[in-house]
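Structure file entry.pdb; described as PDB, C-alpha atoms.
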ATOM      1  CA  MET A 171       0.000   0.000   0.000
ATOM      2  CA  ARG A 172       1.377   3.411  -0.941
ATOM      3  CA  ARG A 173       0.323   6.784   0.275
ATOM      4  CA  GLY A 174       0.397   9.934  -1.750
ATOM      5  CA  ASP A 175      -1.330  13.046  -2.910
ATOM      6  CA  VAL A 176      -4.569  12.084  -4.654
ATOM      7  CA  SER A 177      -4.435  15.211  -6.797
ATOM      8  CA  GLU A 178      -1.222  13.935  -8.393
ATOM      9  CA  GLU A 179      -2.682  10.513  -9.199
ATOM     10  CA  PRO A 180      -6.142  10.963 -10.758
ATOM     11  CA  ARG A 181      -6.533   7.232 -11.426
ATOM     12  CA  ARG A 182      -6.321   6.343  -7.786
ATOM     13  CA  TRP A 183      -9.511   5.519  -5.932
ATOM     14  CA  LEU A 184     -10.075   6.792  -2.461
ATOM     15  CA  LEU A 185     -11.903   5.205   0.435
ATOM     16  CA  ILE A 186     -11.938   7.425   3.504
ATOM     17  CA  ALA A 187     -12.868   6.469   6.997
ATOM     18  CA  VAL A 188     -12.733   9.303   9.497
ATOM     19  CA  LEU A 189     -13.250   9.485  13.190
ATOM     20  CA  VAL A 190     -16.029  11.850  14.209
ATOM     21  CA  ALA A 191     -16.509  13.578  17.550
ATOM     22  CA  VAL A 192     -13.742  11.712  19.351
ATOM     23  CA  ARG A 193     -10.030  12.322  19.508
ATOM     24  CA  MET A 194      -7.809  10.029  17.473
ATOM     25  CA  PRO A 195      -4.866   8.318  19.195
ATOM     26  CA  ALA A 196      -1.314   9.030  18.147
ATOM     27  CA  SER A 197      -0.533   5.518  16.959
ATOM     28  CA  THR A 198      -2.584   2.563  15.875
ATOM     29  CA  GLN A 199      -1.525  -0.195  13.541
ATOM     30  CA  THR A 200      -3.503  -0.857  10.398
ATOM     31  CA  ARG A 201      -3.536  -4.206   8.658
ATOM     32  CA  CYS A 202      -4.340  -4.941   5.068
ATOM     33  CA  ALA A 203      -4.119  -8.133   3.055
ATOM     34  CA  ASP A 204      -1.913  -8.079  -0.036
ATOM     35  CA  ASP A 205      -4.902  -8.452  -2.320
ATOM     36  CA  GLN A 206      -6.924  -5.774  -0.546
ATOM     37  CA  ARG A 207      -8.313  -3.113  -2.864
ATOM     38  CA  CYS A 208      -9.425  -0.670  -0.242
ATOM     39  CA  LEU A 209      -9.153  -0.353   3.491
ATOM     40  CA  CYS A 210     -10.893   1.696   6.120
ATOM     41  CA  THR A 211      -9.566   2.535   9.532
ATOM     42  CA  LEU A 212     -10.719   4.810  12.302
ATOM     43  CA  VAL A 213      -7.484   6.676  12.773
ATOM     44  CA  GLU A 214      -6.268   7.899   9.433
ATOM     45  CA  LYS A 215      -6.989   8.289   5.745
ATOM     46  CA  ILE A 216      -5.857   5.329   3.679
ATOM     47  CA  ASP A 217      -5.359   5.697  -0.068
ATOM     48  CA  GLY A 218      -5.836   2.288  -1.649
ATOM     49  CA  ASP A 219      -3.644   1.844  -4.735
ATOM     50  CA  LEU A 220      -5.904   0.701  -7.566
ATOM     51  CA  ASP A 221      -4.028   0.169 -10.801
ATOM     52  CA  GLY A 222      -5.641  -0.252 -14.215
ATOM     53  CA  GLU A 223      -9.263   0.305 -15.125
ATOM     54  CA  ASP A 224     -10.850  -2.066 -12.613
ATOM     55  CA  SER A 225     -13.573  -0.144 -10.812
ATOM     56  CA  GLN A 226     -14.756  -2.980  -8.580
ATOM     57  CA  VAL A 227     -13.756  -2.768  -4.945
ATOM     58  CA  PRO A 228     -14.119  -6.318  -3.603
ATOM     59  CA  SER A 229     -14.434  -5.367   0.046
ATOM     60  CA  PHE A 230     -13.137  -3.179   2.794
ATOM     61  CA  GLU A 231     -12.089  -4.072   6.281
ATOM     62  CA  CYS A 232     -11.748  -2.305   9.612
ATOM     63  CA  TYR A 233      -9.708  -3.893  12.388
ATOM     64  CA  ASP A 234      -8.864  -3.087  16.006
ATOM     65  CA  ASN A 235     -11.316  -0.232  16.380
ATOM     66  CA  ASP A 236     -11.695   1.137  19.874
ATOM     67  CA  PHE A 237     -14.035   4.035  19.200
ATOM     68  CA  PRO A 238     -17.821   4.320  19.216
ATOM     69  CA  THR A 239     -18.187   6.151  15.882
ATOM     70  CA  LEU A 240     -17.126   4.980  12.443
ATOM     71  CA  ILE A 241     -17.791   6.854   9.207
ATOM     72  CA  VAL A 242     -16.727   5.457   5.841
ATOM     73  CA  HIS A 243     -16.871   7.622   2.718
ATOM     74  CA  SER A 244     -16.375   6.144  -0.751
ATOM     75  CA  GLN A 245     -15.946   9.113  -3.070
ATOM     76  CA  TRP A 246     -15.934   7.576  -6.535
ATOM     77  CA  PRO A 247     -19.143   6.904  -8.541
ATOM     78  CA  SER A 248     -17.685   4.010 -10.548
ATOM     79  CA  THR A 249     -16.362   2.185  -7.499
ATOM     80  CA  SER A 250     -18.519  -0.469  -5.821
ATOM     81  CA  CYS A 251     -17.981  -1.465  -2.211
ATOM     82  CA  ILE A 252     -19.077  -4.958  -1.282
ATOM     83  CA  ILE A 253     -19.767  -5.170   2.432
ATOM     84  CA  GLN A 254     -19.230  -8.850   3.093
ATOM     85  CA  LEU A 255     -19.089 -11.127   6.103
ATOM     86  CA  GLY A 256     -16.295  -9.978   8.413
ATOM     87  CA  ALA A 257     -15.664  -6.751   6.530
ATOM     88  CA  LEU A 258     -16.334  -4.596   9.598
ATOM     89  CA  ARG A 259     -14.862  -5.552  12.946
ATOM     90  CA  SER A 260     -15.524  -2.954  15.565
ATOM     91  CA  PRO A 261     -16.562  -4.533  18.862
ATOM     92  CA  VAL A 262     -17.340  -1.229  20.587
ATOM     93  CA  ALA A 263     -18.894   0.763  17.720
ATOM     94  CA  LYS A 264     -22.249   2.347  18.567
ATOM     95  CA  TYR A 265     -22.703   4.261  15.289
ATOM     96  CA  ILE A 266     -21.623   3.310  11.783
ATOM     97  CA  GLU A 267     -22.246   5.452   8.708
ATOM     98  CA  ILE A 268     -21.341   4.312   5.201
ATOM     99  CA  LEU A 269     -21.723   6.919   2.459
ATOM    100  CA  ALA A 270     -20.894   5.855  -1.068
ATOM    101  CA  LYS A 271     -21.176   7.428  -4.496
ATOM    102  CA  GLY A 272     -20.554   4.041  -6.058
ATOM    103  CA  LYS A 273     -22.856   1.081  -5.545
ATOM    104  CA  ILE A 274     -23.136  -0.416  -2.057
ATOM    105  CA  ILE A 275     -23.558  -4.182  -2.140
ATOM    106  CA  LEU A 276     -24.559  -6.022   1.028
ATOM    107  CA  ILE A 277     -23.805  -9.677   1.688
ATOM    108  CA  PRO A 278     -25.934 -11.659   4.220
ATOM    109  CA  TRP A 279     -24.681 -11.216   7.777
ATOM    110  CA  ALA A 280     -22.392  -8.426   6.574
ATOM    111  CA  PHE A 281     -22.372  -6.692   9.965
ATOM    112  CA  SER A 282     -22.234  -9.756  12.194
ATOM    113  CA  ASP A 283     -18.668  -9.018  13.367
ATOM    114  CA  VAL A 284     -19.440  -5.453  14.398
ATOM    115  CA  GLY A 285     -20.405  -6.439  17.909
ATOM    116  CA  ARG A 286     -23.407  -6.112  20.151
ATOM    117  CA  GLU A 287     -22.778  -2.442  20.977
ATOM    118  CA  LEU A 288     -24.001  -1.093  17.626
ATOM    119  CA  GLU A 289     -27.169   0.976  18.063
ATOM    120  CA  ASN A 290     -27.295   3.148  14.938
ATOM    121  CA  LEU A 291     -26.524   2.222  11.315
ATOM    122  CA  LYS A 292     -26.760   4.488   8.278
ATOM    123  CA  LEU A 293     -26.266   3.414   4.652
ATOM    124  CA  CYS A 294     -26.373   5.953   1.825
ATOM    125  CA  CYS A 295     -26.772   6.648  -1.043
ATOM    126  CA  THR A 296     -26.573   3.903  -3.684
ATOM    127  CA  LEU A 297     -28.134   0.829  -2.105
ATOM    128  CA  GLU A 298     -30.384  -0.923  -4.644
ATOM    129  CA  THR A 299     -31.232  -4.223  -2.945
ATOM    130  CA  ILE A 300     -31.067  -5.722   0.528
ATOM    131  CA  PRO A 301     -30.547  -9.491   0.672
ATOM    132  CA  ASP A 302     -32.245 -11.660   3.280
ATOM    133  CA  ASP A 303     -30.262 -11.761   6.538
ATOM    134  CA  ALA A 304     -28.253  -8.667   5.576
ATOM    135  CA  PHE A 305     -28.709  -7.335   9.105
ATOM    136  CA  GLY A 306     -28.060 -10.640  10.840
ATOM    137  CA  GLY A 307     -26.281 -10.230  14.158
ATOM    138  CA  LEU A 308     -27.596  -6.714  14.798
ATOM    139  CA  ASP A 309     -30.123  -7.708  17.429
ATOM    140  CA  GLN A 310     -29.246  -4.638  19.545
ATOM    141  CA  LEU A 311     -29.717  -2.119  16.730
ATOM    142  CA  ARG A 312     -32.153   0.670  17.590
ATOM    143  CA  GLU A 313     -31.952   2.979  14.553
ATOM    144  CA  LEU A 314     -31.613   2.059  10.880
ATOM    145  CA  HIS A 315     -31.314   4.858   8.327
ATOM    146  CA  LEU A 316     -31.738   3.792   4.704
ATOM    147  CA  SER A 317     -32.878   7.129   3.285
ATOM    148  CA  HIS A 318     -31.735   8.517  -0.078
ATOM    149  CA  ASN A 319     -31.022   5.173  -1.669
ATOM    150  CA  GLN A 320     -32.417   3.396  -4.735
ATOM    151  CA  LEU A 321     -34.507   0.660  -3.133
ATOM    152  CA  GLN A 322     -37.529  -0.470  -5.147
ATOM    153  CA  THR A 323     -38.833  -3.295  -2.978
ATOM    154  CA  VAL A 324     -38.804  -4.429   0.628
ATOM    155  CA  ASN A 325     -38.873  -8.201   0.956
ATOM    156  CA  GLN A 326     -40.467 -10.336   3.640
ATOM    157  CA  ARG A 327     -37.154 -10.948   5.431
ATOM    158  CA  THR A 328     -35.420  -7.623   4.821
ATOM    159  CA  PHE A 329     -35.647  -6.594   8.471
ATOM    160  CA  ASP A 330     -35.195  -9.972  10.090
ATOM    161  CA  HIS A 331     -32.898 -10.003  13.142
ATOM    162  CA  LEU A 332     -33.854  -6.501  14.324
ATOM    163  CA  PRO A 333     -36.156  -7.142  17.311
ATOM    164  CA  ARG A 334     -35.101  -3.975  19.180
ATOM    165  CA  LEU A 335     -35.331  -1.525  16.286
ATOM    166  CA  VAL A 336     -37.077   1.702  17.308
ATOM    167  CA  VAL A 337     -36.467   3.989  14.307
ATOM    168  CA  LEU A 338     -36.598   3.035  10.610
ATOM    169  CA  TYR A 339     -36.069   5.600   7.844
ATOM    170  CA  LEU A 340     -36.800   4.623   4.244
ATOM    171  CA  ASP A 341     -37.248   8.158   2.905
ATOM    172  CA  ASP A 342     -36.474   9.151  -0.645
ATOM    173  CA  ASN A 343     -36.110   5.757  -2.249
ATOM    174  CA  GLN A 344     -37.976   4.290  -5.225
ATOM    175  CA  LEU A 345     -40.188   1.920  -3.260
ATOM    176  CA  GLU A 346     -43.146   0.577  -5.195
ATOM    177  CA  THR A 347     -43.831  -2.627  -3.274
ATOM    178  CA  ILE A 348     -43.452  -3.636   0.352
ATOM    179  CA  HIS A 349     -44.169  -7.212   1.371
ATOM    180  CA  ASP A 350     -47.195  -7.595   3.643
ATOM    181  CA  GLU A 351     -45.019  -9.130   6.380
ATOM    182  CA  ALA A 352     -41.916  -6.965   5.948
ATOM    183  CA  PHE A 353     -42.425  -5.143   9.273
ATOM    184  CA  ASP A 354     -43.855  -8.038  11.292
ATOM    185  CA  GLY A 355     -40.721  -8.607  13.373
ATOM    186  CA  LEU A 356     -40.294  -4.961  14.340
ATOM    187  CA  ARG A 357     -42.439  -5.175  17.456
ATOM    188  CA  LYS A 358     -40.697  -2.262  19.222
ATOM    189  CA  LEU A 359     -40.667   0.149  16.288
ATOM    190  CA  LYS A 360     -41.841   3.658  17.180
ATOM    191  CA  ILE A 361     -40.964   5.756  14.122
ATOM    192  CA  LEU A 362     -41.444   4.659  10.501
ATOM    193  CA  ARG A 363     -40.779   7.056   7.621
ATOM    194  CA  LEU A 364     -41.711   6.090   4.062
ATOM    195  CA  VAL A 365     -41.670   9.609   2.644
ATOM    196  CA  LYS A 366     -40.898  10.319  -1.029
ATOM    197  CA  ASN A 367     -41.394   6.898  -2.542
ATOM    198  CA  ARG A 368     -43.724   5.480  -5.225
ATOM    199  CA  LEU A 369     -46.269   3.641  -3.128
ATOM    200  CA  LYS A 370     -49.739   3.498  -4.667
ATOM    201  CA  THR A 371     -51.323   1.555  -1.826
ATOM    202  CA  VAL A 372     -50.564  -0.256   1.410
ATOM    203  CA  SER A 373     -51.911  -3.643   2.368
ATOM    204  CA  HIS A 374     -54.465  -4.576   5.030
ATOM    205  CA  THR A 375     -51.802  -6.093   7.286
ATOM    206  CA  MET A 376     -48.610  -4.177   6.522
ATOM    207  CA  PHE A 377     -48.617  -2.255   9.821
ATOM    208  CA  SER A 378     -50.737  -4.605  11.914
ATOM    209  CA  HIS A 379     -47.895  -5.817  14.173
ATOM    210  CA  LEU A 380     -46.492  -2.368  14.959
ATOM    211  CA  SER A 381     -48.314  -1.960  18.243
ATOM    212  CA  HIS A 382     -45.725   0.486  19.628
ATOM    213  CA  LEU A 383     -45.606   2.761  16.585
ATOM    214  CA  VAL A 384     -45.919   6.436  17.524
ATOM    215  CA  ALA A 385     -45.233   8.182  14.198
ATOM    216  CA  LEU A 386     -45.997   7.005  10.649
ATOM    217  CA  ASN A 387     -45.128   9.186   7.671
ATOM    218  CA  LEU A 388     -46.458   8.187   4.243
ATOM    219  CA  GLY A 389     -46.136  11.636   2.700
ATOM    220  CA  HIS A 390     -45.093  12.321  -0.889
ATOM    221  CA  ASN A 391     -46.140   8.991  -2.352
ATOM    222  CA  GLN A 392     -48.750   8.072  -4.961
ATOM    223  CA  LEU A 393     -51.368   6.623  -2.642
ATOM    224  CA  GLU A 394     -54.611   6.064  -4.475
ATOM    225  CA  THR A 395     -56.256   3.598  -2.102
ATOM    226  CA  ILE A 396     -55.926   2.784   1.571
ATOM    227  CA  PRO A 397     -57.924  -0.198   2.961
ATOM    228  CA  ASP A 398     -60.257   0.833   5.848
ATOM    229  CA  ASP A 399     -58.403  -1.542   8.205
ATOM    230  CA  ALA A 400     -54.830  -0.583   7.194
ATOM    231  CA  PHE A 401     -54.118   1.105  10.540
ATOM    232  CA  LEU A 402     -55.705  -1.482  12.814
ATOM    233  CA  GLY A 403     -53.310  -2.445  15.570
ATOM    234  CA  LEU A 404     -51.671   0.982  15.784
ATOM    235  CA  GLY A 405     -53.075   1.708  19.201
ATOM    236  CA  GLN A 406     -50.193   3.973  20.243
ATOM    237  CA  LEU A 407     -50.017   6.041  17.047
ATOM    238  CA  LYS A 408     -49.889   9.792  17.706
ATOM    239  CA  PHE A 409     -48.699  11.290  14.417
ATOM    240  CA  LEU A 410     -50.000  10.209  11.003
ATOM    241  CA  VAL A 411     -48.838  11.961   7.842
ATOM    242  CA  ILE A 412     -50.519  11.166   4.502
ATOM    243  CA  SER A 413     -49.738  14.495   2.846
ATOM    244  CA  SER A 414     -48.847  14.940  -0.834
ATOM    245  CA  ASN A 415     -50.699  11.924  -2.193
ATOM    246  CA  ARG A 416     -53.722  11.415  -4.468
ATOM    247  CA  LEU A 417     -56.540  11.044  -1.964
ATOM    248  CA  THR A 418     -59.847  12.820  -2.501
ATOM    249  CA  SER A 419     -61.562  11.495   0.606
ATOM    250  CA  LEU A 420     -60.888   9.512   3.738
ATOM    251  CA  ASN A 421     -63.108   7.037   5.538
ATOM    252  CA  ALA A 422     -63.676   7.742   9.221
ATOM    253  CA  THR A 423     -63.257   4.045  10.018
ATOM    254  CA  LEU A 424     -59.633   4.284   8.915
ATOM    255  CA  VAL A 425     -58.610   6.445  11.884
ATOM    256  CA  ILE A 426     -61.539   6.379  14.307
ATOM    257  CA  HIS A 427     -59.929   3.644  16.416
ATOM    258  CA  LEU A 428     -56.625   5.540  16.802
ATOM    259  CA  SER A 429     -57.389   6.656  20.343
ATOM    260  CA  HIS A 430     -53.970   8.280  20.906
ATOM    261  CA  LEU A 431     -53.852  10.199  17.626
ATOM    262  CA  SER A 432     -52.896  13.846  18.152
ATOM    263  CA  ALA A 433     -52.039  15.021  14.608
ATOM    264  CA  LEU A 434     -53.253  14.041  11.141
ATOM    265  CA  SER A 435     -51.730  15.686   8.075
ATOM    266  CA  LEU A 436     -53.596  15.556   4.762
ATOM    267  CA  GLU A 437     -51.910  18.541   3.139
ATOM    268  CA  ASP A 438     -51.512  18.627  -0.633
ATOM    269  CA  ASN A 439     -54.177  16.055  -1.489
ATOM    270  CA  PRO A 440     -57.027  16.780  -3.955
ATOM    271  CA  LEU A 441     -59.603  16.617  -1.171
ATOM    272  CA  ALA A 442     -63.279  16.823  -2.088
ATOM    273  CA  CYS A 443     -64.866  18.584   0.873
ATOM    274  CA  ASP A 444     -68.408  17.265   0.825
ATOM    275  CA  CYS A 445     -70.442  15.405   3.416
ATOM    276  CA  ARG A 446     -68.098  12.424   3.254
ATOM    277  CA  LEU A 447     -65.430  14.444   5.093
ATOM    278  CA  ALA A 448     -67.751  16.130   7.552
ATOM    279  CA  TRP A 449     -66.571  13.813  10.333
ATOM    280  CA  MET A 450     -63.183  15.550  10.219
ATOM    281  CA  GLN A 451     -64.650  18.578  11.927
ATOM    282  CA  THR A 452     -65.788  16.513  14.885
ATOM    283  CA  MET A 453     -62.432  14.765  15.166
ATOM    284  CA  ALA A 454     -60.633  18.131  14.990
ATOM    285  CA  THR A 455     -61.879  18.970  18.492
ATOM    286  CA  ASN A 456     -59.305  16.501  19.851
ATOM    287  CA  VAL A 457     -56.858  16.032  16.974
ATOM    288  CA  THR A 458     -54.840  18.589  15.025
ATOM    289  CA  VAL A 459     -55.992  18.063  11.431
ATOM    290  CA  SER A 460     -54.399  19.858   8.472
ATOM    291  CA  GLY A 461     -55.497  19.908   4.851
ATOM    292  CA  VAL A 462     -57.141  22.182   2.317
ATOM    293  CA  CYS A 463     -60.207  21.587   0.139
ATOM    294  CA  THR A 464     -59.703  21.330  -3.610
ATOM    295  CA  SER A 465     -63.364  20.943  -4.478
ATOM    296  CA  PRO A 466     -66.253  21.776  -4.733
ATOM    297  CA  PRO A 467     -65.872  25.448  -5.754
ATOM    298  CA  THR A 468     -67.799  26.631  -2.684
ATOM    299  CA  ALA A 469     -65.190  25.056  -0.403
ATOM    300  CA  LYS A 470     -62.050  25.445  -2.503
ATOM    301  CA  ASP A 471     -58.980  26.607  -0.533
ATOM    302  CA  GLN A 472     -60.802  26.311   2.782
ATOM    303  CA  SER A 473     -59.545  24.176   5.624
ATOM    304  CA  ILE A 474     -61.056  20.700   5.807
ATOM    305  CA  THR A 475     -61.970  21.486   9.393
ATOM    306  CA  SER A 476     -63.915  24.671   8.674
ATOM    307  CA  TYR A 477     -65.881  24.373   5.424
ATOM    308  CA  ASP A 478     -69.679  24.461   5.628
ATOM    309  CA  VAL A 479     -71.180  21.107   6.639
ATOM    310  CA  SER A 480     -74.512  22.447   7.891
ATOM    311  CA  GLN A 481     -76.465  20.584   5.200
ATOM    312  CA  CYS A 482     -74.879  17.200   6.044
ATOM    313  CA  ASP A 483     -76.810  14.590   8.010
ATOM    314  CA  PRO A 484     -74.468  13.439  10.814
ATOM    315  CA  ASP A 485     -76.299  10.103  11.056
ATOM    316  CA  LYS A 486     -76.062   9.236   7.374
ATOM    317  CA  PRO A 487     -73.125   6.937   6.443
ATOM    318  CA  THR A 488     -72.029   8.823   3.335
ATOM    319  CA  ASN A 489     -68.370   7.815   3.232
ATOM    320  CA  ALA A 490     -67.849   4.430   1.622
ATOM    321  CA  GLY A 491     -64.066   4.605   1.292
ATOM    322  CA  ILE A 492     -61.246   6.422  -0.421
ATOM    323  CA  ASP A 493     -61.706   7.727  -3.920
ATOM    324  CA  ILE A 494     -59.073   7.333  -6.594
ATOM    325  CA  VAL A 495     -57.685  10.171  -8.661
ATOM    326  CA  SER A 496     -56.621   8.998 -12.097
TER
END

What is this structure when it is put down as structure tokens?
Amino acid sequence: MRRGDVSEEPRRWLLIAVLVAVRMPASTQTRCADDQRCLCTLVEKIDGDLDGEDSQVPSFECYDNDFPTLIVHSQWPSTSCIIQLGALRSPVAKYIEILAKGKIILIPWAFSDVGRELENLKLCCTLETIPDDAFGGLDQLRELHLSHNQLQTVNQRTFDHLPRLVVLYLDDNQLETIHDEAFDGLRKLKILRLVKNRLKTVSHTMFSHLSHLVALNLGHNQLETIPDDAFLGLGQLKFLVISSNRLTSLNATLVIHLSHLSALSLEDNPLACDCRLAWMQTMATNVTVSGVCTSPPTAKDQSITSYDVSQCDPDKPTNAGIDIVS
């Protein structure tokens, strides 16, 4: 391994691991196999010598880490980092962040040698798929940040092995499908963010096992339908965001059982403020409800909690479900 000025060697690829928020010791040995293409360490910048045109980085390894924070930056778009079994060995790490411009490829049980201290893991920004058992061994993990990636699907076993997870961010991906049972094992989850994806619907049972969920954000998707029982089981939910979707109406039975709900956001939906939404004004006495009417003309631009509902019969079941905007 040679070290040098990257500006003088434009063909060299750079993998940087830096220590954040803690002081680095004066001396720590780094080890790298002869066939290693790139190496990360907590204590210094390592310039891996990559000759030729090969843009594939087989793996990277971190050894003998005695610090709670590890950040790995891969700067080159054409370089892929394969995070394989044993690639990261940091028995005391509490937070790991991997930021790559090139593709991140996970191997099953990739983080199993990190240790039981890890509480927070962030992967960004080129992850396309997550294999089954990718997070094997992380049974103490509490926060998983997968925002700003390129994920299109979440499989049934994507989040296996994470029984203590409390926070899951899946913002700003390309998610179109999520398996009905993808979240079933996350019994302690409190915050779930699915903002800025391509979801057109959610299933009847997708959230049914998340009994401790406090905040659910489904904003900025393409939701056209939501089953009336989609939120059953969310007895602790306080904050529900369904803003920036394609909903024209909402059935009272969808949220009426959410006894702890304190805020419901329906901003930026093409809401038709007729008698089908009149129940919102009753709910607004206990829940902060936000959203603006798009139609009819007499209610346009008015709040969904203040348009005129005097002609509506409160005993007539007028709302049969959620309408679809084509």

Study note, to complete from the structure: Shortest contact to Leu340 (chain A), candidates A:Thr418, A:Gln481, A:Thr328, A:Asn319, atoms counted only C-alpha atoms, goes to A:Asn319

Exercise for review: Check what the PyMOL selection byres ((chain A and resi 452) around 12) selects in the file above and give those residues as JSON, numbers by chain.
Suggested key: {"A": [422, 426, 447, 448, 449, 450, 451, 453, 454, 455, 456, 457, 458, 459, 474, 475, 476, 479, 484]}

Review point. Distance CA of Pro247 (chain A)-CA of Ala270 (chain A), one decimal place?
Key: 7.7 Å

Exercise for review: Rank A:Leu276, A:Val337, A:Ile253, A:Leu258 by their smallest atom-to-atom distance to Glu289 (chain A), using only C-alpha atoms, and report the top residue only.
Suggested key: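 The answer is A:Val337, which sits nearest to Glu289 (chain A).
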
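Interatomic distance, CA of Ile241 (chain A) to CA of Ile277 (chain A): 19.1 Å.
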
Practice item. Name the residues within 10 Å of (-23.6, -3.4, -2.6), counting all atoms listed in the file in the file's coordinates, and put them as an MDAnalysis selection string. Key: chainID A and resid 228:229 250:254 270 272:277 296:301

Check your understanding: Exactly which residues make up the result of the PyMOL selection byres ((chain A and resi 463-466) around 6) on this file, given as a count of residues only?
Key -> 12

Practice item. Expand the PyMOL selection byres ((chain A and resi 316) around 6) into the individual residues it matches in the shown file, reporting them as a ChimeraX atom specification. Key: /A:293,315,317,339-340

Taking 2 positions as the minimum chain separation for residues in the same chain, which residues sit within 6 Å of Glu346 (chain A) when counting all atoms listed in the file? Answer as a PDB file with C-alpha atoms, keeping the file's coordinate frame.
ATOM      1  CA  GLN A 322     -37.529  -0.470  -5.147  1.00  0.00           C
ATOM      2  CA  ARG A 368     -43.724   5.480  -5.225  1.00  0.00           C
ATOM      3  CA  LEU A 369     -46.269   3.641  -3.128  1.00  0.00           C
TER       4      LEU A 369
END

Point to revise | Interatomic distance, CA of Asp303 (chain A) to CA of His349 (chain A) (Å, one decimal) | key: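 Computed distance, CA of Asp303 (chain A) to CA of His349 (chain A), equals 15.5 Å.
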
Point to revise | Selected residue, from A:His374, A:Arg259, A:His331, A:Arg357, that lies nearest to Pro278 (chain A) when counting only C-alpha atoms | key: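 Result for the nearest residue to Pro278 (chain A): A:His331.
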
Check your understanding: Taking (-52.7, 14.1, -1.7) in the file's coordinates, which residues come within 8 Å, counting only C-alpha atoms, written as a list of chain:residue names?
Key ->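 Selection result: A:His390, A:Gln392, A:Leu393, A:Ile412, A:Ser413, A:Ser414, A:Asn415, A:Arg416, A:Leu417, A:Thr418, A:Leu436, A:Glu437, A:Asp438, A:Asn439, A:Pro440, A:Leu441.
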
Please produce a file of the residues just selected, as a PDB file, in the coordinates of the input, where the atoms kept are C-alpha atoms.
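Okay, part.pdb is ready:
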ATOM      1  CA  HIS A 390     -45.093  12.321  -0.889  1.00  0.00           C
ATOM      2  CA  GLN A 392     -48.750   8.072  -4.961  1.00  0.00           C
ATOM      3  CA  LEU A 393     -51.368   6.623  -2.642  1.00  0.00           C
ATOM      4  CA  ILE A 412     -50.519  11.166   4.502  1.00  0.00           C
ATOM      5  CA  SER A 413     -49.738  14.495   2.846  1.00  0.00           C
ATOM      6  CA  SER A 414     -48.847  14.940  -0.834  1.00  0.00           C
ATOM      7  CA  ASN A 415     -50.699  11.924  -2.193  1.00  0.00           C
ATOM      8  CA  ARG A 416     -53.722  11.415  -4.468  1.00  0.00           C
ATOM      9  CA  LEU A 417     -56.540  11.044  -1.964  1.00  0.00           C
ATOM     10  CA  THR A 418     -59.847  12.820  -2.501  1.00  0.00           C
ATOM     11  CA  LEU A 436     -53.596  15.556   4.762  1.00  0.00           C
ATOM     12  CA  GLU A 437     -51.910  18.541   3.139  1.00  0.00           C
ATOM     13  CA  ASP A 438     -51.512  18.627  -0.633  1.00  0.00           C
ATOM     14  CA  ASN A 439     -54.177  16.055  -1.489  1.00  0.00           C
ATOM     15  CA  PRO A 440     -57.027  16.780  -3.955  1.00  0.00           C
ATOM     16  CA  LEU A 441     -59.603  16.617  -1.171  1.00  0.00           C
TER      17      LEU A 441
END

**Study point:** Non-local contacts of Arg334 (chain A) (9 Å; only C-alpha atoms; under 5 positions in same chain excluded) as a PyMOL selection string
**Key:** chain A and resi 309-313+356-359

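Using all atoms listed in the file for every distance, the candidate list A:Lys360, A:Lys366, A:Arg446, A:Arg327 yields A:Lys360 as the residue closest to Leu407 (chain A).
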
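The residue that comes closest to Ala352 (chain A), out of A:Asn325, A:Asn387, A:Ser460, A:Thr375 and on the basis of only C-alpha atoms, is A:Asn325.
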
Point to revise | Nearest-residue call for Thr423 (chain A), choices A:Leu332, A:Cys295, A:Leu255, A:Phe401, using all atoms listed in the file | key: A:Phe401

Point to revise | Selection near Gly403 (chain A), 9 Å with only C-alpha atoms, sequence-local residues under 5 positions removed, as a list in words | key: Phe377, Ser378, His379, Leu380, Ser381 and Leu428 of chain A
